[in-house]
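Next comes final_19.cif, a file with mmCIF, C-alpha atoms and all ligand atoms; chains and numbers go by the auth columns.
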```cif
data_work
#
loop_
_atom_site.group_PDB
_atom_site.id
_atom_site.type_symbol
_atom_site.label_atom_id
_atom_site.label_comp_id
_atom_site.label_asym_id
_atom_site.label_seq_id
_atom_site.Cartn_x
_atom_site.Cartn_y
_atom_site.Cartn_z
_atom_site.B_iso_or_equiv
_atom_site.auth_seq_id
_atom_site.auth_asym_id
ATOM 1 C CA MET A 1 45.033 -13.852 -31.747 0.00 201 T
ATOM 2 C CA SER A 2 43.333 -14.797 -28.478 0.00 202 T
ATOM 3 C CA THR A 3 42.831 -18.513 -27.912 0.00 203 T
ATOM 4 C CA ALA A 4 40.372 -17.988 -25.035 0.00 204 T
ATOM 5 C CA PRO A 5 36.886 -19.433 -25.646 0.00 205 T
ATOM 6 C CA PRO A 6 34.320 -16.831 -26.799 0.00 206 T
ATOM 7 C CA VAL A 7 32.021 -15.133 -24.258 0.00 207 T
ATOM 8 C CA VAL A 8 28.746 -13.603 -25.439 0.00 208 T
ATOM 9 C CA THR A 9 27.932 -10.877 -22.894 0.00 209 T
ATOM 10 C CA ILE A 10 24.283 -9.939 -22.375 0.00 210 T
ATOM 11 C CA ASP A 11 23.557 -7.010 -20.051 0.00 211 T
ATOM 12 C CA GLY A 12 20.386 -5.090 -19.305 0.00 212 T
ATOM 13 C CA PRO A 13 18.007 -3.875 -16.578 0.00 213 T
ATOM 14 C CA ALA A 14 15.724 -6.014 -14.380 0.00 214 T
ATOM 15 C CA ALA A 15 12.979 -7.943 -16.215 0.00 215 T
ATOM 16 C CA SER A 16 14.180 -6.727 -19.613 0.00 216 T
ATOM 17 C CA GLY A 17 13.838 -10.249 -20.998 0.00 217 T
ATOM 18 C CA LYS A 18 17.585 -10.841 -21.057 0.00 218 T
ATOM 19 C CA SER A 19 17.455 -14.172 -19.176 0.00 219 T
ATOM 20 C CA SER A 20 15.016 -15.768 -21.617 0.00 220 T
ATOM 21 C CA ILE A 21 16.975 -14.408 -24.565 0.00 221 T
ATOM 22 C CA ALA A 22 20.355 -15.445 -23.131 0.00 222 T
ATOM 23 C CA ARG A 23 19.162 -18.986 -22.337 0.00 223 T
ATOM 24 C CA LEU A 24 17.883 -19.520 -25.887 0.00 224 T
ATOM 25 C CA VAL A 25 20.960 -17.938 -27.496 0.00 225 T
ATOM 26 C CA ALA A 26 23.171 -20.278 -25.421 0.00 226 T
ATOM 27 C CA ARG A 27 21.133 -23.284 -26.512 0.00 227 T
ATOM 28 C CA ARG A 28 21.300 -22.258 -30.192 0.00 228 T
ATOM 29 C CA LEU A 29 25.076 -21.799 -29.995 0.00 229 T
ATOM 30 C CA GLY A 30 25.747 -24.826 -27.767 0.00 230 T
ATOM 31 C CA PHE A 31 27.452 -22.519 -25.233 0.00 231 T
ATOM 32 C CA THR A 32 27.082 -22.784 -21.434 0.00 232 T
ATOM 33 C CA TYR A 33 24.577 -20.298 -20.003 0.00 233 T
ATOM 34 C CA VAL A 34 25.613 -18.307 -16.910 0.00 234 T
ATOM 35 C CA ASN A 35 23.072 -16.129 -15.051 0.00 235 T
ATOM 36 C CA THR A 36 25.245 -13.872 -12.868 0.00 236 T
ATOM 37 C CA GLY A 37 22.176 -12.306 -11.225 0.00 237 T
ATOM 38 C CA ASN A 38 21.690 -15.696 -9.561 0.00 238 T
ATOM 39 C CA MET A 39 25.209 -15.460 -8.105 0.00 239 T
ATOM 40 C CA TYR A 40 24.313 -12.097 -6.477 0.00 240 T
ATOM 41 C CA ARG A 41 20.974 -13.598 -5.406 0.00 241 T
ATOM 42 C CA ALA A 42 22.708 -16.644 -3.849 0.00 242 T
ATOM 43 C CA MET A 43 25.084 -14.377 -1.950 0.00 243 T
ATOM 44 C CA THR A 44 22.082 -12.322 -0.768 0.00 244 T
ATOM 45 C CA TRP A 45 20.224 -15.461 0.336 0.00 245 T
ATOM 46 C CA ALA A 46 23.276 -16.593 2.336 0.00 246 T
ATOM 47 C CA VAL A 47 23.772 -13.184 3.968 0.00 247 T
ATOM 48 C CA ILE A 48 20.094 -12.822 4.937 0.00 248 T
ATOM 49 C CA ASN A 49 20.035 -16.410 6.280 0.00 249 T
ATOM 50 C CA ALA A 50 22.996 -15.515 8.485 0.00 250 T
ATOM 51 C CA GLY A 51 20.768 -12.860 10.072 0.00 251 T
ATOM 52 C CA VAL A 52 22.783 -9.956 8.658 0.00 252 T
ATOM 53 C CA ASP A 53 21.176 -6.546 8.054 0.00 253 T
ATOM 54 C CA PRO A 54 21.569 -5.979 4.257 0.00 254 T
ATOM 55 C CA HIS A 55 21.756 -2.204 4.849 0.00 255 T
ATOM 56 C CA SER A 56 25.004 -2.556 6.808 0.00 256 T
ATOM 57 C CA ALA A 57 27.839 -2.734 4.248 0.00 257 T
ATOM 58 C CA ASP A 58 30.351 -3.686 6.957 0.00 258 T
ATOM 59 C CA ALA A 59 28.230 -6.594 8.192 0.00 259 T
ATOM 60 C CA VAL A 60 27.555 -7.721 4.595 0.00 260 T
ATOM 61 C CA ARG A 61 31.274 -7.583 3.752 0.00 261 T
ATOM 62 C CA ALA A 62 32.173 -9.707 6.792 0.00 262 T
ATOM 63 C CA ALA A 63 29.421 -12.281 6.225 0.00 263 T
ATOM 64 C CA ALA A 64 30.040 -12.549 2.456 0.00 264 T
ATOM 65 C CA ALA A 65 33.725 -13.308 2.979 0.00 265 T
ATOM 66 C CA GLY A 66 32.770 -16.585 4.688 0.00 266 T
ATOM 67 C CA VAL A 67 30.210 -17.745 2.088 0.00 267 T
ATOM 68 C CA VAL A 68 31.249 -20.781 0.012 0.00 268 T
ATOM 69 C CA LEU A 69 29.654 -20.335 -3.417 0.00 269 T
ATOM 70 C CA GLU A 70 30.010 -22.791 -6.314 0.00 270 T
ATOM 71 C CA SER A 71 28.656 -22.833 -9.880 0.00 271 T
ATOM 72 C CA PRO A 72 28.460 -26.417 -11.175 0.00 272 T
ATOM 73 C CA VAL A 73 27.196 -26.911 -14.745 0.00 273 T
ATOM 74 C CA VAL A 74 23.975 -28.928 -15.065 0.00 274 T
ATOM 75 C CA GLU A 75 22.319 -29.424 -18.464 0.00 275 T
ATOM 76 C CA GLY A 76 24.136 -26.590 -20.171 0.00 276 T
ATOM 77 C CA ARG A 77 23.771 -23.959 -17.468 0.00 277 T
ATOM 78 C CA THR A 78 25.422 -23.075 -14.195 0.00 278 T
ATOM 79 C CA GLN A 79 23.568 -23.645 -10.919 0.00 279 T
ATOM 80 C CA VAL A 80 24.354 -21.792 -7.711 0.00 280 T
ATOM 81 C CA CYS A 81 25.291 -23.741 -4.585 0.00 281 T
ATOM 82 C CA VAL A 82 25.899 -22.253 -1.153 0.00 282 T
ATOM 83 C CA ALA A 83 27.852 -24.570 1.176 0.00 283 T
ATOM 84 C CA GLY A 84 26.782 -27.528 -0.973 0.00 284 T
ATOM 85 C CA HIS A 85 23.052 -26.592 -1.129 0.00 285 T
ATOM 86 C CA THR A 86 21.736 -25.962 -4.665 0.00 286 T
ATOM 87 C CA LEU A 87 19.409 -22.980 -4.461 0.00 287 T
ATOM 88 C CA THR A 88 15.909 -23.404 -5.883 0.00 288 T
ATOM 89 C CA ASP A 89 14.230 -20.830 -8.133 0.00 289 T
ATOM 90 C CA ALA A 90 11.862 -20.060 -5.230 0.00 290 T
ATOM 91 C CA GLU A 91 14.791 -19.308 -2.922 0.00 291 T
ATOM 92 C CA LEU A 92 16.605 -17.209 -5.531 0.00 292 T
ATOM 93 C CA ASN A 93 13.503 -15.168 -6.359 0.00 293 T
ATOM 94 C CA SER A 94 11.924 -14.814 -2.907 0.00 294 T
ATOM 95 C CA ASP A 95 10.568 -11.410 -1.877 0.00 295 T
ATOM 96 C CA SER A 96 13.286 -11.008 0.747 0.00 296 T
ATOM 97 C CA VAL A 97 16.041 -11.667 -1.826 0.00 297 T
ATOM 98 C CA ASN A 98 14.389 -9.323 -4.353 0.00 298 T
ATOM 99 C CA LYS A 99 14.315 -6.555 -1.754 0.00 299 T
ATOM 100 C CA ALA A 100 17.932 -6.969 -0.580 0.00 300 T
ATOM 101 C CA VAL A 101 19.888 -8.020 -3.667 0.00 301 T
ATOM 102 C CA SER A 102 20.742 -4.504 -4.933 0.00 302 T
ATOM 103 C CA LEU A 103 22.015 -3.600 -1.451 0.00 303 T
ATOM 104 C CA ILE A 104 24.344 -6.613 -1.453 0.00 304 T
ATOM 105 C CA ALA A 105 25.414 -6.030 -5.080 0.00 305 T
ATOM 106 C CA ARG A 106 26.614 -2.491 -4.356 0.00 306 T
ATOM 107 C CA VAL A 107 29.277 -3.661 -1.878 0.00 307 T
ATOM 108 C CA ALA A 108 32.597 -3.436 -3.774 0.00 308 T
ATOM 109 C CA GLU A 109 34.191 -6.475 -2.064 0.00 309 T
ATOM 110 C CA VAL A 110 31.190 -8.645 -2.960 0.00 310 T
ATOM 111 C CA ARG A 111 31.496 -7.544 -6.582 0.00 311 T
ATOM 112 C CA GLU A 112 35.266 -8.153 -6.706 0.00 312 T
ATOM 113 C CA ARG A 113 34.798 -11.657 -5.413 0.00 313 T
ATOM 114 C CA LEU A 114 31.937 -12.531 -7.794 0.00 314 T
ATOM 115 C CA VAL A 115 33.638 -10.919 -10.810 0.00 315 T
ATOM 116 C CA ALA A 116 36.702 -13.125 -10.162 0.00 316 T
ATOM 117 C CA ASP A 117 34.422 -16.194 -9.906 0.00 317 T
ATOM 118 C CA GLN A 118 32.699 -15.193 -13.162 0.00 318 T
ATOM 119 C CA ARG A 119 35.995 -14.763 -15.036 0.00 319 T
ATOM 120 C CA ALA A 120 37.137 -18.185 -13.803 0.00 320 T
ATOM 121 C CA LEU A 121 34.077 -19.803 -15.430 0.00 321 T
ATOM 122 C CA ILE A 122 35.801 -19.407 -18.817 0.00 322 T
ATOM 123 C CA ALA A 123 37.527 -22.709 -17.923 0.00 323 T
ATOM 124 C CA ILE A 124 34.178 -24.376 -18.768 0.00 324 T
ATOM 125 C CA GLY A 125 34.488 -23.285 -22.440 0.00 325 T
ATOM 126 C CA PRO A 126 32.357 -20.945 -24.600 0.00 326 T
ATOM 127 C CA LEU A 127 29.823 -19.002 -22.520 0.00 327 T
ATOM 128 C CA VAL A 128 26.732 -16.846 -22.803 0.00 328 T
ATOM 129 C CA MET A 129 26.950 -14.772 -19.622 0.00 329 T
ATOM 130 C CA GLU A 130 24.202 -12.346 -18.612 0.00 330 T
ATOM 131 C CA GLY A 131 24.108 -9.658 -15.933 0.00 331 T
ATOM 132 C CA ARG A 132 24.633 -5.922 -15.406 0.00 332 T
ATOM 133 C CA ASP A 133 28.398 -5.446 -15.909 0.00 333 T
ATOM 134 C CA ILE A 134 29.477 -8.397 -18.031 0.00 334 T
ATOM 135 C CA GLY A 135 30.435 -6.407 -21.157 0.00 335 T
ATOM 136 C CA SER A 136 31.683 -3.397 -19.178 0.00 336 T
ATOM 137 C CA VAL A 137 33.688 -5.021 -16.338 0.00 337 T
ATOM 138 C CA VAL A 138 33.785 -8.831 -16.347 0.00 338 T
ATOM 139 C CA PHE A 139 34.733 -9.391 -20.005 0.00 339 T
ATOM 140 C CA PRO A 140 35.317 -5.874 -21.436 0.00 340 T
ATOM 141 C CA ASP A 141 37.466 -7.235 -24.299 0.00 341 T
ATOM 142 C CA SER A 142 34.769 -9.567 -25.619 0.00 342 T
ATOM 143 C CA PRO A 143 33.810 -8.645 -29.195 0.00 343 T
ATOM 144 C CA HIS A 144 30.386 -10.251 -28.625 0.00 344 T
ATOM 145 C CA LYS A 145 28.432 -7.720 -26.541 0.00 345 T
ATOM 146 C CA ILE A 146 24.656 -7.316 -26.380 0.00 346 T
ATOM 147 C CA TYR A 147 22.554 -4.900 -24.289 0.00 347 T
ATOM 148 C CA VAL A 148 18.900 -5.920 -23.942 0.00 348 T
ATOM 149 C CA ASP A 149 16.355 -3.268 -23.063 0.00 349 T
ATOM 150 C CA ALA A 150 12.556 -2.914 -22.777 0.00 350 T
ATOM 151 C CA SER A 151 10.289 -0.087 -21.651 0.00 351 T
ATOM 152 C CA GLU A 152 9.646 0.293 -17.911 0.00 352 T
ATOM 153 C CA GLU A 153 5.960 -0.595 -18.392 0.00 353 T
ATOM 154 C CA VAL A 154 6.784 -3.789 -20.269 0.00 354 T
ATOM 155 C CA ARG A 155 9.372 -4.799 -17.665 0.00 355 T
ATOM 156 C CA ALA A 156 7.006 -4.221 -14.717 0.00 356 T
ATOM 157 C CA SER A 157 4.254 -6.247 -16.368 0.00 357 T
ATOM 158 C CA ARG A 158 6.670 -9.105 -17.186 0.00 358 T
ATOM 159 C CA ARG A 159 7.787 -9.289 -13.580 0.00 359 T
ATOM 160 C CA SER A 160 4.254 -9.281 -12.190 0.00 360 T
ATOM 161 C CA ALA A 161 3.221 -11.928 -14.755 0.00 361 T
ATOM 162 C CA GLN A 162 5.958 -14.115 -13.239 0.00 362 T
ATOM 163 C CA GLY A 163 4.261 -13.590 -9.850 0.00 363 T
ATOM 164 C CA HIS A 164 7.091 -11.683 -8.198 0.00 364 T
ATOM 165 C CA ALA A 165 6.402 -8.685 -5.986 0.00 365 T
ATOM 166 C CA ASP A 166 9.525 -7.004 -7.232 0.00 366 T
ATOM 167 C CA GLN A 167 10.267 -3.270 -7.208 0.00 367 T
ATOM 168 C CA VAL A 168 11.791 -3.233 -10.678 0.00 368 T
ATOM 169 C CA ALA A 169 12.105 0.552 -10.934 0.00 369 T
ATOM 170 C CA GLU A 170 13.724 0.852 -7.493 0.00 370 T
ATOM 171 C CA ARG A 171 16.182 -1.968 -8.222 0.00 371 T
ATOM 172 C CA ASP A 172 17.108 -0.349 -11.537 0.00 372 T
ATOM 173 C CA ARG A 173 17.675 3.000 -9.852 0.00 373 T
ATOM 174 C CA MET A 174 20.080 1.420 -7.350 0.00 374 T
ATOM 175 C CA ASP A 175 21.826 -0.718 -10.004 0.00 375 T
ATOM 176 C CA LYS A 176 22.374 2.332 -12.255 0.00 376 T
ATOM 177 C CA GLN A 177 23.425 4.762 -9.531 0.00 377 T
ATOM 178 C CA ARG A 178 25.736 2.630 -7.423 0.00 378 T
ATOM 179 C CA LYS A 179 29.424 3.572 -7.350 0.00 379 T
ATOM 180 C CA ALA A 180 30.809 0.076 -8.005 0.00 380 T
ATOM 181 C CA SER A 181 30.295 -0.901 -11.683 0.00 381 T
ATOM 182 C CA PRO A 182 26.830 0.570 -12.303 0.00 382 T
ATOM 183 C CA LEU A 183 24.600 -0.749 -15.067 0.00 383 T
ATOM 184 C CA VAL A 184 25.682 0.938 -18.330 0.00 384 T
ATOM 185 C CA ILE A 185 25.482 0.148 -22.018 0.00 385 T
ATOM 186 C CA PRO A 186 28.962 -1.374 -22.566 0.00 386 T
ATOM 187 C CA GLU A 187 31.171 0.185 -25.222 0.00 387 T
ATOM 188 C CA GLY A 188 30.666 -1.636 -28.501 0.00 388 T
ATOM 189 C CA ALA A 189 27.454 -3.379 -27.401 0.00 389 T
ATOM 190 C CA LYS A 190 24.592 -3.942 -29.826 0.00 390 T
ATOM 191 C CA VAL A 191 21.405 -2.597 -28.184 0.00 391 T
ATOM 192 C CA ILE A 192 18.272 -4.695 -28.704 0.00 392 T
ATOM 193 C CA ASP A 193 14.948 -3.283 -27.445 0.00 393 T
ATOM 194 C CA ASN A 194 12.500 -6.166 -27.172 0.00 394 T
ATOM 195 C CA SER A 195 9.445 -4.228 -25.935 0.00 395 T
ATOM 196 C CA HIS A 196 7.492 -4.929 -29.101 0.00 396 T
ATOM 197 C CA ILE A 197 9.094 -8.001 -30.663 0.00 397 T
ATOM 198 C CA THR A 198 8.714 -11.691 -29.841 0.00 398 T
ATOM 199 C CA LEU A 199 11.286 -13.714 -27.917 0.00 399 T
ATOM 200 C CA GLU A 200 12.169 -15.603 -31.114 0.00 400 T
ATOM 201 C CA GLN A 201 12.695 -12.331 -33.005 0.00 401 T
ATOM 202 C CA ALA A 202 14.955 -11.037 -30.226 0.00 402 T
ATOM 203 C CA VAL A 203 17.015 -14.248 -30.293 0.00 403 T
ATOM 204 C CA GLU A 204 17.351 -13.930 -34.089 0.00 404 T
ATOM 205 C CA GLN A 205 18.550 -10.327 -33.713 0.00 405 T
ATOM 206 C CA VAL A 206 21.175 -11.381 -31.171 0.00 406 T
ATOM 207 C CA ILE A 207 22.443 -14.258 -33.329 0.00 407 T
ATOM 208 C CA ALA A 208 22.538 -11.950 -36.389 0.00 408 T
ATOM 209 C CA ALA A 209 24.579 -9.347 -34.451 0.00 409 T
ATOM 210 C CA LEU A 210 27.252 -11.824 -33.317 0.00 410 T
ATOM 211 C CA LYS A 211 30.341 -12.383 -35.421 0.00 411 T
ATOM 212 C CA LEU A 212 31.295 -15.810 -34.095 0.00 412 T
HETATM 213 O O1 LIG B . 19.421 -10.325 -13.199 0.00 501 L
HETATM 214 P P1 LIG B . 18.727 -10.218 -11.850 0.00 501 L
HETATM 215 O O2 LIG B . 17.557 -9.283 -11.863 0.00 501 L
HETATM 216 O O3 LIG B . 18.347 -11.565 -11.314 0.00 501 L
HETATM 217 O O4 LIG B . 19.840 -9.606 -10.873 0.00 501 L
HETATM 218 C C1 LIG B . 19.600 -9.406 -9.510 0.00 501 L
HETATM 219 C C2 LIG B . 20.434 -8.252 -8.972 0.00 501 L
HETATM 220 O O5 LIG B . 21.821 -8.633 -8.950 0.00 501 L
HETATM 221 C C3 LIG B . 20.366 -6.959 -9.732 0.00 501 L
HETATM 222 O O6 LIG B . 19.323 -6.134 -9.284 0.00 501 L
HETATM 223 C C4 LIG B . 21.717 -6.342 -9.518 0.00 501 L
HETATM 224 C C5 LIG B . 22.623 -7.526 -9.263 0.00 501 L
HETATM 225 N N1 LIG B . 23.512 -7.874 -10.373 0.00 501 L
HETATM 226 C C6 LIG B . 24.665 -7.140 -10.513 0.00 501 L
HETATM 227 O O7 LIG B . 24.878 -6.176 -9.774 0.00 501 L
HETATM 228 N N2 LIG B . 25.574 -7.482 -11.463 0.00 501 L
HETATM 229 C C7 LIG B . 25.361 -8.522 -12.277 0.00 501 L
HETATM 230 N N3 LIG B . 26.283 -8.861 -13.199 0.00 501 L
HETATM 231 C C8 LIG B . 24.158 -9.269 -12.166 0.00 501 L
HETATM 232 C C9 LIG B . 23.234 -8.899 -11.216 0.00 501 L
#
```

What is this structure when it is put down as structure tokens?
Amino acid sequence: MSTAPPVVTIDGPAASGKSSIARLVARRLGFTYVNTGNMYRAMTWAVINAGVDPHSADAVRAAAAGVVLESPVVEGRTQVCVAGHTLTDAELNSDSVNKAVSLIARVAEVRERLVADQRALIAIGPLVMEGRDIGSVVFPDSPHKIYVDASEEVRASRRSAQGHADQVAERDRMDKQRKASPLVIPEGAKVIDNSHITLEQAVEQVIAALKL
């Protein structure tokens, strides 16, 4: 039997509601919450700030290799720090980061590096980790896999309600079609569509599906 701490994996498309669900599930379980999208966003922020063209995979690869990224735990969740600076929500969700993040996330070397960082976070203890490839690539052996979905209309209206000018459909297209670990429903994942249920109902469905 494995003695590794459990990892609840929560994957799904942009603005599907998975962050809100994952945060509440982590709180209910007393597990540390890890938002891996913020790790890709932090890397994107660092690369753009270095003046690198996000369309140039070679330039992104070179710049990303020199980025020092840390994930300290504060109040039950990981933060993202670049060279000692803790990124704010405004920095992580800026229009320029929204536009470039899928370009950065499709570079295989960036993914390899961040996947290794994500696996190392198991040293913290039990985790709820959300992203695009957590159940398929980062922790494929976890028996606790969830895939959160919502209709495209619901996702676009959630994003605009948050005040972000974010091309959800375009980001999804790139995240699903990229060569390096595209967004998929992981094998063995329980699919929860939360288009027409409340956040509390979705959290209940996740907790009910887990065999912890
Ligand atoms: O969860 P989010 O919308 O904040 O993620 C931002 C982007 O990061 C997303 O469009 C694709 C990328 N991402 C990824 O490729 N793999 C992950 N595990 C998490 C996010």

Inset, instruction - With the file shown as input, list the residues that the PyMOL selection byres (((chain T and resi 250) around 12) and not hetatm) selects, as a count of residues only. - result: 18

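Among the candidates T:Lys411, T:Lys299, T:Lys379, T:Lys345, the residue lying nearest to Arg241 of chain T is T:Lys299 (atoms considered: all atoms listed in the file).
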
Inset, instruction - Rank T:Thr398, T:Ser351, T:Ser256, T:Ser336 by their smallest atom-to-atom distance to ligand LIG 501 (chain L), using only C-alpha atoms and all ligand atoms, and report the top residue only. - result: T:Ser336

Inset, instruction - Report the distance between atom CA of Val273 of chain T and atom CA of Arg227 of chain T in Å, rounded to one decimal place. - result: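 A separation of 13.7 Å between them.
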
Inset, instruction - Could you report the residues within 6 Å of ligand LIG 501 (chain L), using only C-alpha atoms and all ligand atoms, as JSON, numbers by chain? - result: {"T": [214, 236, 237, 238, 240, 301, 302, 305, 331, 332, 333, 334, 371, 375]}

Legend entry - Explicit residue set for the PyMOL selection byres (((chain T and resi 277-286) around 12) and not hetatm), as a ChimeraX atom specification: /T:219,222-224,226-227,230-247,249,264,266-276,287-292,314,317-318,321-322,324-330

Inset, instruction - Determine the nearest neighbour of Asn298 of chain T from the options T:Ala265, T:Val208, T:Val368, T:Val310, counting all atoms listed in the file. - result: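 With all atoms listed in the file as the atom set, the closest residue is T:Val368.
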
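Residues within 10 Å of Ala215 of chain T, counting only C-alpha atoms and excluding same-chain residues fewer than 5 positions away, are Ser220, Val348, Asp349, Ala350, Ser351, Glu352, Val354, Arg355, Ala356, Ser357, Arg358, Arg359, Ser360, Gln362, Asp366, Val368 and Asp372 of chain T.
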
Legend entry - Using only C-alpha atoms: which of T:Pro213, T:Pro206, T:Pro382, T:Gly388 has the shortest distance to Val337 of chain T: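 Between T:Pro213, T:Pro206, T:Pro382, T:Gly388, the residue approaching Val337 of chain T most closely is T:Pro382.
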
Inset, instruction - Have a look at atom CA of Val225 of chain T and atom CA of Val406 of chain T and let me know their distance in Å, one decimal. - result: 7.5 Å

Inset, instruction - Choose the residue, out of T:Ala369, T:Asp295, T:Asp341, T:Ile346, that has the smallest atom-to-atom separation from Ile385 of chain T; count only C-alpha atoms. - result: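 Looking only at the distances to Ile385 of chain T, the closest residue turns out to be T:Ile346.
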
Inset, instruction - Could you tell me which residues the PyMOL selection byres (((chain T and resi 394) around 10) and not hetatm) grabs in this file, written as a VMD selection string? - result: chain T and resid 216 to 218 221 348 to 351 354 391 to 393 395 to 399 401 to 403 405

Inset, instruction - Might you pull out every residue within 8 Å of Gly335 of chain T, with only C-alpha atoms counted and same-chain residues fewer than 4 positions away left off, and present them as a VMD selection string? - result: chain T and resid 209 to 211 339 to 342 345 to 346 386 to 387 389

Legend entry - For atom CA of Val384 of chain T and atom CA of Ser296 of chain T, the interatomic separation in Å (one decimal): 25.7 Å

Inset, instruction - Pick out the residues sitting within 10 Å of Leu412 of chain T, and hand them over as a list in words; count all atoms listed in the file, and ignore anything fewer than 5 positions along from it in its own chain. - result: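 Residues meeting the cut-off are Pro206, Val207, Val208, Leu229, Pro343, His344 and Ile407 of chain T.
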
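Comparing T:Val297, T:Val338, T:Leu303, T:Ala409 by their smallest distance to Val315 of chain T, the closest is T:Val338 (using only C-alpha atoms).
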